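The structure appears below as structure tokens.
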Amino acid sequence: MKVIKAKSAGFCFGVKRAVDTVYEQVKENQNLPIYTYGPIIHNEEVVKDLEQKGVIVLRSEEELDTLERGTVIIRSHGVAKDVYDRLESKKIQIVDATCPFVKKIHNIVQKHSEVGENIIIIGNPEHPEVQGIKGWAGDHVEVFQTKEEAENYSCEQGKKICIVAQTTFNYNKFKELVEILEKKSYDVSVLNTICNATKERQTEAQSIAETVDAMIVIGDKHSSNTQKLFEICRKACNNTYYIQTLGDLDLNQLGSVETVGITAGASTPNNIIEEVQNNVRIIF
Ligand code: F3S
């Protein structure tokens, strides 16, 4: 029996950094409340564990405005400039765990908007990362993610346009939208700000799934990157299972297999992955 665990399974660099930051704050805490602005990651287990340690999740700007003291941790997705301004005006301590790759996009759009350029963010307008980026891009900013939206885009000729992408956006789709915009003969500067952590995880999962008898994908049921991983693995291996924790895995279901592959979404903690890995090893 062979168990192959994907090297890229679990937290990416930015998420790991953000989660570690919260645990460090809990350790150093001097009896002041600790908040995260939004759940630190899309993983119920981790969020519950942190809640038990006293970390409070703020879910709206209104809740931010009611704070009087304590520390607010900004998660890896980052936030709009306005959020920093609000917290600073109330003298609330900010611990910034924005992923450096996202922070870089904030700096790009801020710099380009300050010299009068229009900003285009290619990404999902509902996603908190995109909303954060938008909040650094000044007044002339548009967000879109479909071909139709790119085709309908117009601005005054001669105006410079700076195009960036949500870090998890699909590269081929980004390229397609950029090509549509370039054909309009605007003066565009394109900055490919897609992070390849997601792509690497997907590529590795697919190549493992192609060679094993059964594949296990671990992640929160609400995590869209885990759902995507599951789809990719299932296409390559019919015998693929989507679980949140070891408790969801029916080992009898796996049947008689010789090789099992394991991967996990970007918000799955290492201890959950290891627990599954160790149990699969023991059973077979
Ligand atoms: Fe950062 Fe890339 Fe993860 S942008 S949060 S390292 S997916």
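Residues are referred to by chain and number: the chain letter is A, B, ... according to the order shown in the structure tokens, the number counts from 1 in that chain, and ligands are numbered separately from 1 in the order shown.
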
### Close residues to ligand 1 using only C-alpha atoms and all ligand atoms, limit 6 Å, as a PyMOL selection string
chain A and resi 12-15+76+99+101-102+167+195+197-198

Next, write the just-selected residues to a file, as a CSV table (one decimal), in the first residue's frame, keeping N, CA and C atoms as the atom set.
```
chain,number,residue,atom,x,y,z
A,12,CYS,N,-1.2,27.8,1.6
A,12,CYS,CA,-0.2,28.4,0.8
A,12,CYS,C,0.5,29.4,1.8
A,13,PHE,N,1.6,30.0,1.3
A,13,PHE,CA,2.5,30.8,2.1
A,13,PHE,C,1.7,31.9,2.8
A,14,GLY,N,0.8,32.6,2.0
A,14,GLY,CA,0.1,33.7,2.6
A,14,GLY,C,-0.9,33.4,3.7
A,15,VAL,N,-1.6,32.2,3.5
A,15,VAL,CA,-2.6,31.8,4.5
A,15,VAL,C,-1.9,31.3,5.7
A,76,SER,N,-5.2,37.4,5.1
A,76,SER,CA,-4.3,37.4,3.9
A,76,SER,C,-5.0,38.1,2.6
A,99,CYS,N,-1.4,39.1,2.6
A,99,CYS,CA,-0.4,38.4,1.9
A,99,CYS,C,0.5,39.4,1.1
A,101,PHE,N,1.9,39.2,-1.6
A,101,PHE,CA,1.5,39.3,-3.0
A,101,PHE,C,0.3,40.2,-3.3
A,102,VAL,N,-0.6,40.2,-2.3
A,102,VAL,CA,-1.8,41.0,-2.4
A,102,VAL,C,-1.4,42.5,-2.1
A,167,THR,N,-5.4,37.5,-7.3
A,167,THR,CA,-4.3,36.5,-7.3
A,167,THR,C,-4.7,35.1,-7.7
A,195,CYS,N,-1.1,34.7,-8.6
A,195,CYS,CA,-0.2,33.9,-7.7
A,195,CYS,C,-0.2,32.5,-8.2
A,197,ALA,N,0.5,29.7,-6.6
A,197,ALA,CA,0.3,28.7,-5.6
A,197,ALA,C,-0.9,27.8,-5.9
A,198,THR,N,-2.0,28.4,-6.4
A,198,THR,CA,-3.2,27.6,-6.7
A,198,THR,C,-2.9,26.7,-7.9
```

### Message
Residues near A:Val212, anyone? I mean within 7 Å using only C-alpha atoms, not counting same-chain ones fewer than 4 positions away, as a ChimeraX atom specification.
### Response
/A:208,259-261

Output as a Markdown table one row per residue of stretch 172-214 of chain A within 10 Å of stretch 105-115 of chain A: the closest atom pair and its distance in Å to one decimal place, counting only C-alpha atoms, sorted by chain and residue number ascending.
```
| residue | atom | partner | partner_atom | distance |
| --- | --- | --- | --- | --- |
| A:Ser189 | CA | A:His112 | CA | 9.8 |
| A:Leu191 | CA | A:Ile108 | CA | 8.7 |
| A:Asn192 | CA | A:Ile105 | CA | 9.8 |
| A:Thr193 | CA | A:Ile105 | CA | 6.9 |
| A:Ile194 | CA | A:Ile105 | CA | 9.9 |
```

Restricting the output to C-alpha atoms, write the selected residues as a PDB file, in the first residue's frame.
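So the final result, stored in out-v2.pdb, reads:
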```pdb
ATOM      1  CA  SER A 189       0.103  48.476 -18.896  1.00  0.00           C
ATOM      2  CA  LEU A 191       0.640  43.510 -14.615  1.00  0.00           C
ATOM      3  CA  ASN A 192       0.086  39.814 -14.225  1.00  0.00           C
ATOM      4  CA  THR A 193      -0.492  39.598 -10.488  1.00  0.00           C
ATOM      5  CA  ILE A 194      -1.790  36.012 -10.468  1.00  0.00           C
TER       6      ILE A 194
END
```

### Query
DSSP on the backbone: what in stretch 35-182 of chain A comes out strand (DSSP E or B), as a VMD selection string?
chain A and resid 35 to 37 55 to 58 71 to 74 93 to 96 118 to 122 141 to 144 160 to 165

Restricting it to C-alpha atoms, dump the selection as a PDB file, in the first residue's frame.
```pdb
ATOM      1  CA  TYR A  35     -10.356  40.408  16.403  1.00  0.00           C
ATOM      2  CA  THR A  36      -9.951  39.198  12.848  1.00  0.00           C
ATOM      3  CA  TYR A  37     -11.692  41.183  10.156  1.00  0.00           C
ATOM      4  CA  VAL A  55     -10.511  35.470  18.968  1.00  0.00           C
ATOM      5  CA  ILE A  56     -13.599  37.306  17.763  1.00  0.00           C
ATOM      6  CA  VAL A  57     -14.532  37.438  14.082  1.00  0.00           C
ATOM      7  CA  LEU A  58     -15.815  40.823  12.882  1.00  0.00           C
ATOM      8  CA  THR A  71      -6.180  44.423  18.132  1.00  0.00           C
ATOM      9  CA  VAL A  72      -7.609  43.820  14.689  1.00  0.00           C
ATOM     10  CA  ILE A  73      -5.797  41.321  12.490  1.00  0.00           C
ATOM     11  CA  ILE A  74      -6.172  41.841   8.761  1.00  0.00           C
ATOM     12  CA  GLN A  93      -3.946  48.360  16.981  1.00  0.00           C
ATOM     13  CA  ILE A  94      -3.668  46.822  13.516  1.00  0.00           C
ATOM     14  CA  VAL A  95      -1.751  43.620  12.849  1.00  0.00           C
ATOM     15  CA  ASP A  96      -1.469  43.313   9.119  1.00  0.00           C
ATOM     16  CA  ASN A 118      -7.608  54.213 -14.912  1.00  0.00           C
ATOM     17  CA  ILE A 119      -7.433  50.900 -13.107  1.00  0.00           C
ATOM     18  CA  ILE A 120      -8.964  47.632 -14.250  1.00  0.00           C
ATOM     19  CA  ILE A 121      -9.053  44.700 -11.845  1.00  0.00           C
ATOM     20  CA  ILE A 122      -9.754  41.384 -13.503  1.00  0.00           C
ATOM     21  CA  VAL A 141     -11.529  51.730 -11.207  1.00  0.00           C
ATOM     22  CA  GLU A 142     -13.538  48.950 -12.798  1.00  0.00           C
ATOM     23  CA  VAL A 143     -13.698  45.283 -11.924  1.00  0.00           C
ATOM     24  CA  PHE A 144     -14.676  42.591 -14.355  1.00  0.00           C
ATOM     25  CA  LYS A 160      -3.557  55.293 -19.577  1.00  0.00           C
ATOM     26  CA  ILE A 161      -4.973  52.069 -18.174  1.00  0.00           C
ATOM     27  CA  CYS A 162      -3.357  49.788 -15.639  1.00  0.00           C
ATOM     28  CA  ILE A 163      -4.630  46.200 -15.566  1.00  0.00           C
ATOM     29  CA  VAL A 164      -4.091  43.840 -12.629  1.00  0.00           C
ATOM     30  CA  ALA A 165      -5.611  40.484 -11.655  1.00  0.00           C
TER      31      ALA A 165
END
```

Excluding A:Arg234 and residues on its chain fewer than 4 positions from it, collect all residues at most 10 Å away from it, counting only C-alpha atoms, and give them as a PDB file with C-alpha atoms, in the first residue's frame.
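So result_31.pdb came out as:
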```
ATOM      1  CA  GLN A 206      -4.035  16.126 -11.136  1.00  0.00           C
ATOM      2  CA  ALA A 209      -4.803  11.515  -9.232  1.00  0.00           C
ATOM      3  CA  GLU A 210      -3.857  10.145 -12.647  1.00  0.00           C
ATOM      4  CA  ALA A 214      -8.105   6.328  -4.935  1.00  0.00           C
ATOM      5  CA  MET A 215      -7.720  10.004  -4.221  1.00  0.00           C
ATOM      6  CA  ILE A 216      -8.672  11.946  -1.088  1.00  0.00           C
ATOM      7  CA  VAL A 217      -9.248  15.685  -1.219  1.00  0.00           C
ATOM      8  CA  LYS A 228     -12.088  22.940  -7.767  1.00  0.00           C
ATOM      9  CA  LEU A 229      -9.358  20.521  -6.621  1.00  0.00           C
ATOM     10  CA  PHE A 230     -12.000  17.834  -6.130  1.00  0.00           C
ATOM     11  CA  ASN A 238     -13.173   8.159 -10.477  1.00  0.00           C
ATOM     12  CA  ASN A 239     -12.492   6.956  -6.985  1.00  0.00           C
ATOM     13  CA  THR A 240     -12.059  10.439  -5.444  1.00  0.00           C
ATOM     14  CA  TYR A 241     -13.406  11.468  -2.013  1.00  0.00           C
ATOM     15  CA  TYR A 242     -14.026  14.956  -0.636  1.00  0.00           C
TER      16      TYR A 242
END
```

### Message
Which residues are near A:Asp65? Cut-off 9 Å, only C-alpha atoms, ignore same chain within fewer than 3 positions. Put them as an MDAnalysis selection string.
### Response
chainID A and resid 60:62 68 86:87 90

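Across the model, the gap from atom CA of A:Lys235 to atom CA of A:Glu275 is 25.5 Å.
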
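We find atom CA of A:Gln244 and atom CA of A:Ile34 to be spaced 26.7 Å apart.
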
### Query
Closest to A:Trp136 among A:Ile40, A:Val79, A:Ile218, A:Val19, using only C-alpha atoms?
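With only C-alpha atoms as the atom set, the closest residue is A:Val79.
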